[in-house]
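Student: My structure is stored as target_25.csv, with CSV, C-alpha atoms.
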```csv
chain,number,residue,atom,x,y,z
A,191,MET,CA,27.3,-32.7,-12.4
A,192,ARG,CA,23.6,-32.9,-11.7
A,193,THR,CA,22.2,-35.4,-9.3
A,194,GLY,CA,18.6,-36.4,-8.8
A,195,ALA,CA,16.5,-39.0,-6.9
A,196,PHE,CA,15.1,-42.0,-8.7
A,197,LEU,CA,11.8,-43.2,-7.1
A,198,LEU,CA,9.9,-46.4,-7.9
A,199,ALA,CA,7.3,-46.2,-5.1
A,200,ALA,CA,8.6,-49.7,-4.3
A,201,GLN,CA,6.4,-51.9,-2.2
A,202,PHE,CA,8.7,-53.9,0.2
A,203,PRO,CA,7.3,-57.1,1.7
A,204,GLY,CA,4.8,-56.3,4.5
A,205,GLN,CA,4.0,-52.8,3.2
A,206,GLY,CA,0.8,-51.5,1.7
A,207,HIS,CA,0.4,-49.6,-1.5
A,208,ALA,CA,-0.3,-46.3,0.2
A,209,GLU,CA,2.8,-46.6,2.4
A,210,ALA,CA,5.0,-47.1,-0.6
A,211,LEU,CA,3.5,-44.1,-2.4
A,212,ASP,CA,3.7,-41.9,0.7
A,213,ARG,CA,7.4,-42.7,1.0
A,214,ALA,CA,8.0,-41.8,-2.6
A,215,VAL,CA,6.1,-38.5,-2.4
A,216,SER,CA,7.8,-37.5,0.9
A,217,ALA,CA,11.2,-38.3,-0.6
A,218,ALA,CA,10.5,-36.1,-3.7
A,219,VAL,CA,9.6,-33.2,-1.5
A,220,ALA,CA,12.7,-33.9,0.6
A,221,ALA,CA,14.9,-33.9,-2.5
A,222,GLU,CA,13.9,-30.3,-3.3
A,223,GLU,CA,14.7,-29.3,0.3
A,224,ALA,CA,18.0,-31.1,0.1
A,225,GLY,CA,19.1,-29.2,-3.0
A,226,LEU,CA,18.9,-32.1,-5.5
A,227,ASP,CA,18.6,-31.2,-9.1
A,228,SER,CA,15.6,-33.5,-10.1
A,229,VAL,CA,13.3,-36.3,-9.2
A,230,TRP,CA,12.6,-39.2,-11.6
A,231,LEU,CA,9.6,-41.4,-11.4
A,232,ALA,CA,9.1,-45.0,-12.7
A,233,GLU,CA,5.8,-46.6,-13.7
A,234,HIS,CA,4.8,-50.3,-13.4
A,235,HIS,CA,1.6,-52.2,-13.7
A,236,PHE,CA,0.3,-55.1,-11.6
A,237,VAL,CA,3.6,-55.8,-9.6
A,238,PRO,CA,4.8,-54.6,-6.2
A,239,TYR,CA,8.2,-53.8,-7.7
A,240,GLY,CA,6.7,-50.3,-8.1
A,241,VAL,CA,3.1,-49.3,-7.4
A,242,CYS,CA,3.0,-46.1,-9.5
A,243,PRO,CA,1.0,-47.0,-12.6
A,244,SER,CA,1.3,-43.5,-14.2
A,245,ALA,CA,4.5,-41.6,-13.9
A,246,THR,CA,3.0,-38.5,-15.5
A,247,THR,CA,0.1,-38.4,-12.9
A,248,LEU,CA,2.6,-38.7,-10.0
A,249,ALA,CA,4.7,-36.0,-11.7
A,250,ALA,CA,1.7,-33.7,-11.8
A,251,LEU,CA,1.2,-34.1,-8.1
A,252,LEU,CA,4.9,-33.4,-7.3
A,253,LEU,CA,5.2,-30.5,-9.7
A,254,GLY,CA,2.3,-28.9,-7.7
A,255,ARG,CA,4.0,-29.6,-4.3
A,256,THR,CA,7.4,-28.3,-5.3
A,257,GLN,CA,8.7,-25.0,-6.6
A,258,ARG,CA,12.2,-25.5,-8.0
A,259,ILE,CA,13.1,-29.1,-8.7
A,260,ARG,CA,12.7,-30.7,-12.1
A,261,VAL,CA,10.4,-33.7,-12.2
A,262,GLY,CA,10.8,-36.4,-14.9
A,263,THR,CA,9.5,-39.8,-15.9
A,264,ALA,CA,12.0,-42.7,-15.9
A,265,VAL,CA,10.2,-43.9,-17.7
A,266,SER,CA,6.7,-43.7,-19.1
A,267,VAL,CA,6.3,-47.0,-21.0
A,268,LEU,CA,5.4,-46.0,-24.5
A,269,PRO,CA,4.2,-49.4,-25.9
A,270,THR,CA,1.2,-49.4,-23.4
A,271,GLN,CA,0.1,-45.9,-24.3
A,272,HIS,CA,-1.0,-43.9,-27.3
A,273,PRO,CA,1.8,-41.5,-28.1
A,274,VAL,CA,-0.6,-38.6,-28.8
A,275,SER,CA,-2.2,-39.1,-25.3
A,276,LEU,CA,1.2,-39.2,-23.7
A,277,GLY,CA,2.2,-36.1,-25.7
A,278,GLU,CA,-0.8,-34.2,-24.5
A,279,GLN,CA,0.0,-35.0,-20.9
A,280,ALA,CA,3.6,-34.0,-21.3
A,281,ALA,CA,2.6,-30.7,-23.0
A,282,LEU,CA,0.2,-29.9,-20.1
A,283,LEU,CA,2.8,-30.6,-17.4
A,284,HIS,CA,5.5,-28.6,-19.3
A,285,LEU,CA,3.3,-25.5,-19.8
A,286,THR,CA,1.8,-25.4,-16.3
A,287,SER,CA,5.0,-26.1,-14.3
A,288,GLY,CA,7.2,-23.4,-15.6
A,289,GLY,CA,9.0,-25.8,-17.8
A,290,ARG,CA,10.2,-28.1,-15.0
A,291,PHE,CA,9.0,-31.4,-16.6
A,292,THR,CA,11.0,-33.9,-18.5
A,293,LEU,CA,9.5,-36.9,-20.4
A,294,GLY,CA,11.5,-40.1,-20.3
A,295,VAL,CA,10.1,-43.0,-22.3
A,296,GLY,CA,11.1,-46.6,-22.8
A,297,ARG,CA,10.0,-49.9,-24.3
A,298,GLY,CA,9.3,-51.6,-21.0
A,299,GLY,CA,9.1,-55.4,-21.2
A,300,PRO,CA,7.1,-58.2,-22.8
A,301,TRP,CA,4.7,-58.2,-19.9
A,302,VAL,CA,1.0,-58.9,-19.6
A,303,ASP,CA,0.4,-55.2,-19.6
A,304,LEU,CA,0.4,-55.3,-23.4
A,305,ASP,CA,-2.6,-57.6,-23.2
A,306,VAL,CA,-4.5,-55.7,-20.6
A,307,PHE,CA,-4.2,-52.4,-22.4
A,308,GLY,CA,-4.8,-54.0,-25.8
A,309,THR,CA,-1.7,-52.8,-27.6
A,310,GLY,CA,-0.3,-56.4,-28.1
A,311,VAL,CA,3.2,-57.7,-28.1
A,312,ASP,CA,3.9,-56.2,-31.5
A,313,ALA,CA,3.9,-52.7,-29.9
A,314,TYR,CA,6.8,-53.9,-27.8
A,315,GLU,CA,8.7,-55.8,-30.4
A,316,ASN,CA,8.2,-53.7,-33.5
A,317,GLY,CA,6.3,-50.5,-32.7
A,318,PHE,CA,8.6,-48.5,-30.5
A,319,ALA,CA,10.3,-46.5,-33.3
A,320,GLU,CA,6.9,-45.5,-34.9
A,321,SER,CA,5.5,-44.5,-31.5
A,322,LEU,CA,8.6,-42.4,-30.6
A,323,GLU,CA,8.6,-40.6,-33.9
A,324,LEU,CA,4.9,-39.7,-33.6
A,325,LEU,CA,5.4,-38.6,-30.0
A,326,LEU,CA,8.2,-36.2,-30.9
A,327,ARG,CA,6.3,-34.8,-33.8
A,328,TRP,CA,3.4,-34.1,-31.5
A,329,LEU,CA,5.6,-32.2,-29.1
A,330,ARG,CA,7.3,-30.1,-31.8
A,331,SER,CA,4.4,-29.3,-34.2
A,332,ALA,CA,1.2,-27.3,-34.6
A,333,ARG,CA,-0.7,-29.9,-36.5
A,334,VAL,CA,0.0,-33.7,-36.8
A,335,GLY,CA,-1.4,-36.6,-38.8
A,336,ALA,CA,-0.2,-40.2,-39.1
A,337,ASP,CA,-0.1,-42.8,-41.8
A,338,GLY,CA,2.0,-45.6,-40.3
A,339,PRO,CA,1.5,-49.3,-39.7
A,340,ARG,CA,0.1,-48.8,-36.2
A,341,TYR,CA,-1.2,-45.2,-36.2
A,342,ARG,CA,-3.3,-43.7,-38.9
A,343,PHE,CA,-5.4,-40.6,-38.4
A,344,PRO,CA,-6.1,-37.3,-40.3
A,345,GLU,CA,-4.2,-34.2,-39.4
A,346,VAL,CA,-5.4,-32.5,-36.2
A,347,ALA,CA,-4.5,-29.4,-34.2
A,348,VAL,CA,-2.0,-29.9,-31.4
A,349,VAL,CA,-3.7,-28.6,-28.2
A,350,PRO,CA,-2.0,-27.5,-26.0
A,351,ARG,CA,1.1,-26.6,-28.0
A,352,ALA,CA,4.1,-28.0,-26.2
A,353,ASP,CA,6.5,-25.7,-28.0
A,354,GLU,CA,5.0,-22.5,-26.5
A,355,HIS,CA,6.7,-20.7,-23.7
A,356,PRO,CA,5.6,-22.1,-20.4
A,357,LEU,CA,4.2,-19.6,-17.9
A,358,PRO,CA,6.5,-18.8,-14.9
A,359,PHE,CA,5.6,-20.9,-11.9
A,360,PRO,CA,4.0,-18.8,-9.2
A,361,ALA,CA,5.6,-18.3,-5.8
A,362,PRO,CA,3.9,-19.9,-2.8
A,363,GLY,CA,0.6,-18.0,-2.3
A,364,GLY,CA,1.0,-16.2,-5.6
A,365,ARG,CA,-1.7,-15.8,-8.2
A,366,ARG,CA,-1.6,-15.9,-12.0
A,367,GLY,CA,-3.6,-13.1,-13.7
A,368,PRO,CA,-3.5,-10.9,-16.8
A,369,GLU,CA,0.0,-9.7,-15.9
A,370,TYR,CA,1.2,-13.2,-16.9
A,371,ALA,CA,0.0,-12.8,-20.5
A,372,GLY,CA,3.1,-12.9,-22.7
A,373,ALA,CA,5.3,-13.3,-19.7
A,374,ARG,CA,8.9,-14.4,-20.2
A,375,GLY,CA,11.2,-15.5,-17.5
A,376,PRO,CA,13.7,-18.3,-16.8
A,377,ALA,CA,11.2,-20.7,-18.3
A,378,ALA,CA,11.7,-19.1,-21.7
A,379,ALA,CA,14.8,-21.2,-22.2
A,380,THR,CA,12.5,-24.3,-22.2
A,381,ALA,CA,10.4,-23.1,-25.1
A,382,GLY,CA,10.3,-25.8,-27.8
A,383,GLY,CA,8.6,-28.4,-25.7
A,384,PRO,CA,9.6,-30.5,-22.7
A,385,PRO,CA,13.0,-32.3,-22.8
A,386,VAL,CA,12.6,-36.0,-23.9
A,387,MET,CA,14.9,-38.9,-23.0
A,388,VAL,CA,14.9,-42.5,-24.1
A,389,ALA,CA,15.8,-45.4,-21.9
A,390,CYS,CA,18.5,-47.4,-23.8
A,391,THR,CA,19.4,-51.0,-23.0
A,392,SER,CA,20.4,-52.2,-26.5
A,393,LEU,CA,22.4,-50.8,-29.4
A,394,GLY,CA,19.3,-50.7,-31.5
A,395,THR,CA,17.6,-48.3,-29.1
A,396,VAL,CA,20.9,-46.3,-28.8
A,397,ARG,CA,20.8,-45.8,-32.6
A,398,LEU,CA,17.2,-44.9,-32.6
A,399,ALA,CA,17.7,-42.2,-29.9
A,400,ALA,CA,20.7,-40.8,-31.8
A,401,GLN,CA,18.7,-40.6,-35.1
A,402,GLN,CA,15.9,-38.8,-33.3
A,403,GLY,CA,18.4,-36.5,-31.5
A,404,VAL,CA,17.3,-37.2,-27.9
A,405,PRO,CA,19.6,-38.1,-25.0
A,406,MET,CA,19.8,-41.5,-23.4
A,407,LEU,CA,18.9,-42.8,-19.9
A,408,LEU,CA,21.2,-45.7,-19.0
A,409,GLY,CA,20.2,-48.4,-16.6
A,410,MET,CA,21.6,-49.0,-13.1
A,411,HIS,CA,22.5,-52.6,-13.9
A,412,SER,CA,25.4,-51.7,-16.3
A,413,GLY,CA,28.9,-50.7,-15.3
A,414,ASP,CA,31.0,-47.8,-16.5
A,415,GLU,CA,32.6,-49.8,-19.3
A,416,ASP,CA,29.2,-50.7,-20.7
A,417,LYS,CA,28.0,-47.1,-20.3
A,418,ALA,CA,31.0,-45.7,-22.1
A,419,GLY,CA,30.5,-48.1,-25.0
A,420,MET,CA,26.9,-47.0,-25.4
A,421,VAL,CA,27.9,-43.3,-25.3
A,422,ALA,CA,30.5,-44.1,-28.1
A,423,ALA,CA,27.9,-45.9,-30.1
A,424,TYR,CA,25.5,-43.0,-29.7
A,425,ARG,CA,28.1,-40.6,-31.0
A,426,THR,CA,28.8,-42.7,-34.0
A,427,ALA,CA,25.1,-43.1,-34.9
A,428,ALA,CA,24.5,-39.4,-34.4
A,429,ARG,CA,27.3,-38.5,-36.8
A,430,GLU,CA,25.9,-41.0,-39.3
A,431,ALA,CA,22.5,-39.3,-39.0
A,432,GLY,CA,24.1,-36.0,-40.1
A,433,ARG,CA,24.3,-34.2,-36.7
A,434,THR,CA,26.9,-31.6,-36.2
A,435,PRO,CA,29.6,-31.9,-33.5
A,436,ASP,CA,28.0,-29.0,-31.6
A,437,GLU,CA,24.6,-30.8,-31.8
A,438,ILE,CA,26.1,-34.0,-30.5
A,439,ASP,CA,27.9,-32.2,-27.7
A,440,ARG,CA,24.7,-30.5,-26.6
A,441,ILE,CA,22.7,-33.7,-26.7
A,442,GLU,CA,25.4,-35.8,-24.9
A,443,SER,CA,25.5,-33.3,-22.0
A,444,GLU,CA,21.9,-34.5,-21.2
A,445,HIS,CA,22.6,-38.2,-21.1
A,446,MET,CA,21.7,-39.6,-17.7
A,447,ALA,CA,22.7,-42.7,-15.7
A,448,ALA,CA,20.5,-44.4,-13.2
A,449,GLY,CA,22.2,-45.7,-10.0
A,450,VAL,CA,21.8,-46.4,-6.3
A,451,ALA,CA,22.7,-44.1,-3.4
A,452,GLN,CA,22.9,-45.1,0.2
A,453,VAL,CA,24.9,-42.7,2.4
A,454,GLU,CA,26.1,-44.0,5.7
A,455,ASP,CA,29.0,-43.5,8.1
A,456,SER,CA,30.8,-46.6,6.7
A,457,GLY,CA,30.7,-48.6,3.6
A,458,ALA,CA,29.9,-51.7,5.6
A,459,GLU,CA,26.9,-50.1,7.1
A,460,ALA,CA,25.6,-48.8,3.8
A,461,LYS,CA,25.9,-52.3,2.3
A,462,ARG,CA,24.3,-53.9,5.3
A,463,VAL,CA,21.2,-51.6,5.0
A,464,LEU,CA,20.7,-52.5,1.4
A,465,LEU,CA,21.4,-56.2,1.8
A,466,LYS,CA,18.8,-56.3,4.6
A,467,SER,CA,16.0,-55.0,2.4
A,468,MET,CA,16.6,-55.0,-1.3
A,469,PRO,CA,17.0,-58.8,-2.0
A,470,ALA,CA,13.5,-59.5,-0.6
A,471,TRP,CA,12.1,-56.6,-2.5
A,472,PHE,CA,13.7,-57.8,-5.8
A,473,HIS,CA,12.3,-61.3,-5.3
A,474,TYR,CA,8.9,-60.1,-4.2
A,475,GLY,CA,8.6,-57.5,-6.9
A,476,LEU,CA,10.2,-59.0,-10.0
A,477,SER,CA,8.9,-62.5,-9.6
A,478,ALA,CA,5.4,-61.1,-9.9
A,479,HIS,CA,6.0,-60.1,-13.6
A,480,ARG,CA,3.9,-62.2,-16.1
A,481,THR,CA,4.9,-62.3,-19.7
A,482,VAL,CA,2.4,-61.5,-22.4
A,483,ASP,CA,2.7,-64.8,-24.2
A,484,GLY,CA,4.1,-67.2,-21.7
A,485,ARG,CA,7.6,-66.8,-22.9
A,486,GLU,CA,10.3,-68.0,-20.5
A,487,ARG,CA,12.2,-65.3,-18.7
A,488,ARG,CA,15.1,-65.5,-16.2
A,489,MET,CA,15.3,-63.4,-13.0
A,490,ARG,CA,18.6,-62.3,-11.5
A,491,ASP,CA,19.6,-63.8,-8.2
A,492,PRO,CA,18.3,-61.0,-5.8
A,493,ARG,CA,21.2,-61.0,-3.4
A,494,GLU,CA,23.8,-61.2,-6.1
A,495,TYR,CA,22.1,-58.3,-7.9
A,496,THR,CA,22.1,-56.2,-4.7
A,497,GLU,CA,25.8,-56.9,-4.2
A,498,LEU,CA,26.5,-55.9,-7.8
A,499,LEU,CA,24.7,-52.6,-7.3
A,500,CYS,CA,26.5,-51.9,-4.0
A,501,GLY,CA,29.8,-52.4,-5.8
A,502,LEU,CA,28.9,-50.2,-8.8
A,503,HIS,CA,27.2,-47.2,-7.3
A,504,ALA,CA,27.2,-44.5,-4.6
A,505,VAL,CA,26.9,-46.8,-1.6
A,506,GLY,CA,29.1,-45.9,1.4
A,507,THR,CA,30.5,-42.9,3.1
A,508,PRO,CA,29.8,-39.4,1.6
A,509,GLN,CA,33.3,-39.3,0.2
A,510,LEU,CA,33.0,-42.8,-1.3
A,511,CYS,CA,29.7,-41.9,-2.9
A,512,ALA,CA,31.1,-38.7,-4.4
A,513,ASP,CA,34.2,-40.5,-5.6
A,514,ARG,CA,32.1,-43.1,-7.4
A,515,LEU,CA,29.9,-40.6,-9.1
A,516,ALA,CA,32.9,-38.5,-10.2
A,517,ALA,CA,34.7,-41.7,-11.5
A,518,THR,CA,31.6,-42.7,-13.5
A,519,ALA,CA,31.4,-39.2,-15.0
A,520,GLU,CA,35.1,-39.3,-15.9
A,521,ARG,CA,35.0,-42.7,-17.5
A,522,THR,CA,31.7,-42.3,-19.4
A,523,GLY,CA,31.2,-38.6,-20.0
A,524,VAL,CA,27.8,-38.9,-18.3
A,525,ARG,CA,27.3,-36.1,-15.8
A,526,ARG,CA,23.7,-36.5,-14.8
A,527,PHE,CA,22.5,-39.1,-12.3
A,528,ALA,CA,19.2,-40.5,-11.1
A,529,LEU,CA,19.9,-42.3,-7.9
A,530,LEU,CA,17.6,-44.8,-6.2
A,531,VAL,CA,17.3,-43.5,-2.7
A,532,GLU,CA,14.6,-45.8,-1.2
A,533,GLY,CA,16.6,-49.0,-1.1
A,534,SER,CA,16.2,-49.3,2.7
A,535,GLY,CA,12.4,-49.6,2.3
A,536,ASP,CA,11.9,-47.5,5.3
A,537,ARG,CA,10.4,-44.0,5.1
A,538,GLU,CA,12.5,-42.3,7.7
A,539,SER,CA,15.7,-43.9,6.5
A,540,THR,CA,14.9,-42.8,3.0
A,541,LEU,CA,14.4,-39.2,4.0
A,542,ARG,CA,17.6,-39.3,6.0
A,543,ASN,CA,19.4,-40.8,3.0
A,544,VAL,CA,18.1,-38.0,0.7
A,545,GLU,CA,19.1,-35.3,3.2
A,546,ARG,CA,22.7,-36.7,3.5
A,547,LEU,CA,23.0,-37.0,-0.3
A,548,GLY,CA,22.2,-33.3,-0.5
A,549,SER,CA,24.1,-32.0,2.5
A,550,GLU,CA,27.2,-34.3,2.5
A,551,VAL,CA,27.7,-35.7,-1.0
A,552,LEU,CA,26.7,-32.9,-3.4
A,553,PRO,CA,29.2,-30.4,-1.9
A,554,LEU,CA,32.0,-32.8,-2.7
A,555,LEU,CA,31.0,-32.8,-6.4
A,556,LEU,CA,31.3,-29.1,-6.9
```
Step by step, read the file and then write its structure as structure tokens.
Tutor:
Amino acid sequence: MRTGAFLLAAQFPGQGHAEALDRAVSAAVAAEEAGLDSVWLAEHHFVPYGVCPSATTLAALLLGRTQRIRVGTAVSVLPTQHPVSLGEQAALLHLTSGGRFTLGVGRGGPWVDLDVFGTGVDAYENGFAESLELLLRWLRSARVGADGPRYRFPEVAVVPRADEHPLPFPAPGGRRGPEYAGARGPAAATAGGPPVMVACTSLGTVRLAAQQGVPMLLGMHSGDEDKAGMVAAYRTAAREAGRTPDEIDRIESEHMAAGVAQVEDSGAEAKRVLLKSMPAWFHYGLSAHRTVDGRERRMRDPREYTELLCGLHAVGTPQLCADRLAATAERTGVRRFALLVEGSGDRESTLRNVERLGSEVLPLLL
């Protein structure tokens, strides 16, 4: 099992933007020190739910501040960006980080972002499949052109090529020079471009991910039964797309589930910490969303949603956290996790939570 930290740079009531970003950056560095497998970054626009507007930019910072840990986006919102621009950024991070970058993409929501960035609601409702196909071609090809409903341009050279071998990442204080030309090391295994994941919250997106041969990122709002159903639907769609059993097994080993982790000495204390902070953050952050066309939307009750998450995920003693992660893996087949660790809203509490996740929970999962 592989366990990472999921960071939104959440702005809790009373906090500033810089404070939220500092907590997220500090938690990412702490995750490497604690022995976690990865860090996953979300992006949002115009709302305090998360104050990182570019997951790839924050990923670049963190890749430069760390040496071992993988850094991924969960997710970069594809309908608000040009897929070629996002592909160029992903290739750059892949090649310069020793192959430690993973690009997670998703549809996002019908938010005012679509108006601000000029892509329109059609990009959200109908354009995701075309954007994903173009993005994947860009990451796997030497030259790319487009002749679709949304994107039309003549064939151009892909620069930089994401499918080249990334350079080994230098040790602290190390320098790259002529000796790195043609170098091959552990990063050679990542030749072929950065790994790509797709956030899946509907069966339509599950089928699209299976057709494109990329693994799923499953949301933290769904329970094990729902996750198992989506994994089964993915397998069916992948078979229908002509993928071999070995291909399907390889892809399915990379599915990932988002969740929550709060490690305390008792289950009651872990739940108390999250119920003290998360409902106010959910209300403050999610109520700020504006839809692109004034359509009605309903928001979950913040306290009930927090209680749901406490019941589903790794919230409690180290043993309980490990047991819940192991149970999810057993029921769903998903063995990778991105766990929200900043639910307390407090910097020091978040860092302590990350440290305990690494030192007290991970050893129980071996």
Student: Choose the residue, out of A:Ala478, A:Leu283, A:Val334, A:Val524, that has the smallest atom-to-atom separation from Gly240 (chain A); count only C-alpha atoms.
Tutor: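 Nearest candidate to Gly240 (chain A) out of A:Ala478, A:Leu283, A:Val334, A:Val524: A:Ala478.
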Student: Quick one: pull the distance between CA of Gly298 (chain A) and CA of His411 (chain A), Å, one decimal.
Tutor: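 Separation of CA of Gly298 (chain A) and CA of His411 (chain A): 15.0 Å.
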Student: Within 8 Å of (11.3, -35.7, -18.5) in the file's own coordinates, which protein, DNA or RNA residues have an atom, counting all atoms listed in the file? List them as a PDB file with C-alpha atoms, in the frame of the given file.
Tutor:
```pdb
ATOM      1  CA  TRP A 230      12.600 -39.200 -11.600  1.00  0.00           C
ATOM      2  CA  VAL A 261      10.400 -33.700 -12.200  1.00  0.00           C
ATOM      3  CA  GLY A 262      10.800 -36.400 -14.900  1.00  0.00           C
ATOM      4  CA  THR A 263       9.500 -39.800 -15.900  1.00  0.00           C
ATOM      5  CA  ALA A 264      12.000 -42.700 -15.900  1.00  0.00           C
ATOM      6  CA  PHE A 291       9.000 -31.400 -16.600  1.00  0.00           C
ATOM      7  CA  THR A 292      11.000 -33.900 -18.500  1.00  0.00           C
ATOM      8  CA  LEU A 293       9.500 -36.900 -20.400  1.00  0.00           C
ATOM      9  CA  GLY A 294      11.500 -40.100 -20.300  1.00  0.00           C
ATOM     10  CA  PRO A 384       9.600 -30.500 -22.700  1.00  0.00           C
ATOM     11  CA  PRO A 385      13.000 -32.300 -22.800  1.00  0.00           C
ATOM     12  CA  VAL A 386      12.600 -36.000 -23.900  1.00  0.00           C
ATOM     13  CA  MET A 387      14.900 -38.900 -23.000  1.00  0.00           C
TER      14      MET A 387
END
```
Student: Return the single residue from A:Ala280, A:Val544, A:Val306, A:Leu285 that is closest to Val219 (chain A), with distances computed using only C-alpha atoms.
Tutor: A:Val544
Student: Report, in Å with one decimal, the straight-line distance from CA of Ala195 (chain A) to CA of Glu532 (chain A).
Tutor: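 About the pair CA of Ala195 (chain A) and CA of Glu532 (chain A): they are 9.1 Å apart.
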Student: Skip Ser534 (chain A) itself and residues of its chain fewer than 2 positions away, then list as an MDAnalysis selection string all residues within 10 Å of it, counting only C-alpha atoms.
Tutor: chainID A and resid 202 452 460 462:468 471 531:532 536:540 543
Student: Could you please determine the separation between CA of Thr309 (chain A) and CA of Gly394 (chain A) in Å, to one decimal place?
Tutor: 21.5 Å
Student: Taking 3 positions as the minimum chain separation for residues in the same chain, which residues sit within 12 Å of Leu282 (chain A) when counting only C-alpha atoms? Answer as a PyMOL selection string.
Tutor: chain A and resi 246-247+249-250+253+275-279+285-293+329+348-357+383-384
Student: For C-alpha atoms, I'd like the residues from the last selection saved as a compact mmCIF listing (two decimals), in the coordinates of the input.
Tutor:
```txt
# COMPACT_ATOMS: atom_id res chain seq x y z
CA THR A 246 3.00 -38.50 -15.50
CA THR A 247 0.10 -38.40 -12.90
CA ALA A 249 4.70 -36.00 -11.70
CA ALA A 250 1.70 -33.70 -11.80
CA LEU A 253 5.20 -30.50 -9.70
CA SER A 275 -2.20 -39.10 -25.30
CA LEU A 276 1.20 -39.20 -23.70
CA GLY A 277 2.20 -36.10 -25.70
CA GLU A 278 -0.80 -34.20 -24.50
CA GLN A 279 0.00 -35.00 -20.90
CA LEU A 285 3.30 -25.50 -19.80
CA THR A 286 1.80 -25.40 -16.30
CA SER A 287 5.00 -26.10 -14.30
CA GLY A 288 7.20 -23.40 -15.60
CA GLY A 289 9.00 -25.80 -17.80
CA ARG A 290 10.20 -28.10 -15.00
CA PHE A 291 9.00 -31.40 -16.60
CA THR A 292 11.00 -33.90 -18.50
CA LEU A 293 9.50 -36.90 -20.40
CA LEU A 329 5.60 -32.20 -29.10
CA VAL A 348 -2.00 -29.90 -31.40
CA VAL A 349 -3.70 -28.60 -28.20
CA PRO A 350 -2.00 -27.50 -26.00
CA ARG A 351 1.10 -26.60 -28.00
CA ALA A 352 4.10 -28.00 -26.20
CA ASP A 353 6.50 -25.70 -28.00
CA GLU A 354 5.00 -22.50 -26.50
CA HIS A 355 6.70 -20.70 -23.70
CA PRO A 356 5.60 -22.10 -20.40
CA LEU A 357 4.20 -19.60 -17.90
CA GLY A 383 8.60 -28.40 -25.70
CA PRO A 384 9.60 -30.50 -22.70
```
Student: Tell me, as a PDB file with C-alpha atoms, in the coordinates of the input, which residues lie within 9 Å of Arg258 (chain A), counting all atoms listed in the file; anything in the same chain fewer than 6 positions away does not count.
Tutor:
```pdb
ATOM      1  CA  GLU A 222      13.900 -30.300  -3.300  1.00  0.00           C
ATOM      2  CA  ASP A 227      18.600 -31.200  -9.100  1.00  0.00           C
ATOM      3  CA  SER A 228      15.600 -33.500 -10.100  1.00  0.00           C
ATOM      4  CA  ARG A 290      10.200 -28.100 -15.000  1.00  0.00           C
ATOM      5  CA  PHE A 359       5.600 -20.900 -11.900  1.00  0.00           C
TER       6      PHE A 359
END
```
Student: Which is closer to Val311 (chain A) than all the others in A:Thr481, A:Thr426, A:Ser456, A:Thr522, using all atoms listed in the file?
Tutor: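 Checking each of A:Thr481, A:Thr426, A:Ser456, A:Thr522 against Val311 (chain A), counting all atoms listed in the file, the winner is A:Thr481.
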Student: Excluding same-chain residues fewer than 4 positions from His445 (chain A), what lies within 12 Å of it counting all atoms listed in the file, as a PyMOL selection string?
Tutor: chain A and resi 191-192+294+385-390+396+399-400+403-409+417-418+420-421+424-425+438-441+519+522-528
Student: Hey, what's within 7 Å of Pro243 (chain A) if we count only C-alpha atoms and toss same-chain stuff fewer than 2 positions away? As a PyMOL selection string, please?
Tutor: chain A and resi 233-235+241+245
Student: Let me make sure I understand: among A:Ser443, A:Ser266, A:Gln205, A:Thr507, which one has the smallest atom-to-atom distance to Ser244 (chain A) if we use all atoms listed in the file?
Tutor: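 Nearest to Ser244 (chain A): A:Ser266.
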Student: Nearest to Ala200 (chain A): which of A:Gly335, A:Gly475, A:Gly432, A:Gly484 is it, counting all atoms listed in the file?
Tutor: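 Using all atoms listed in the file, Ala200 (chain A) sits closest to A:Gly475.
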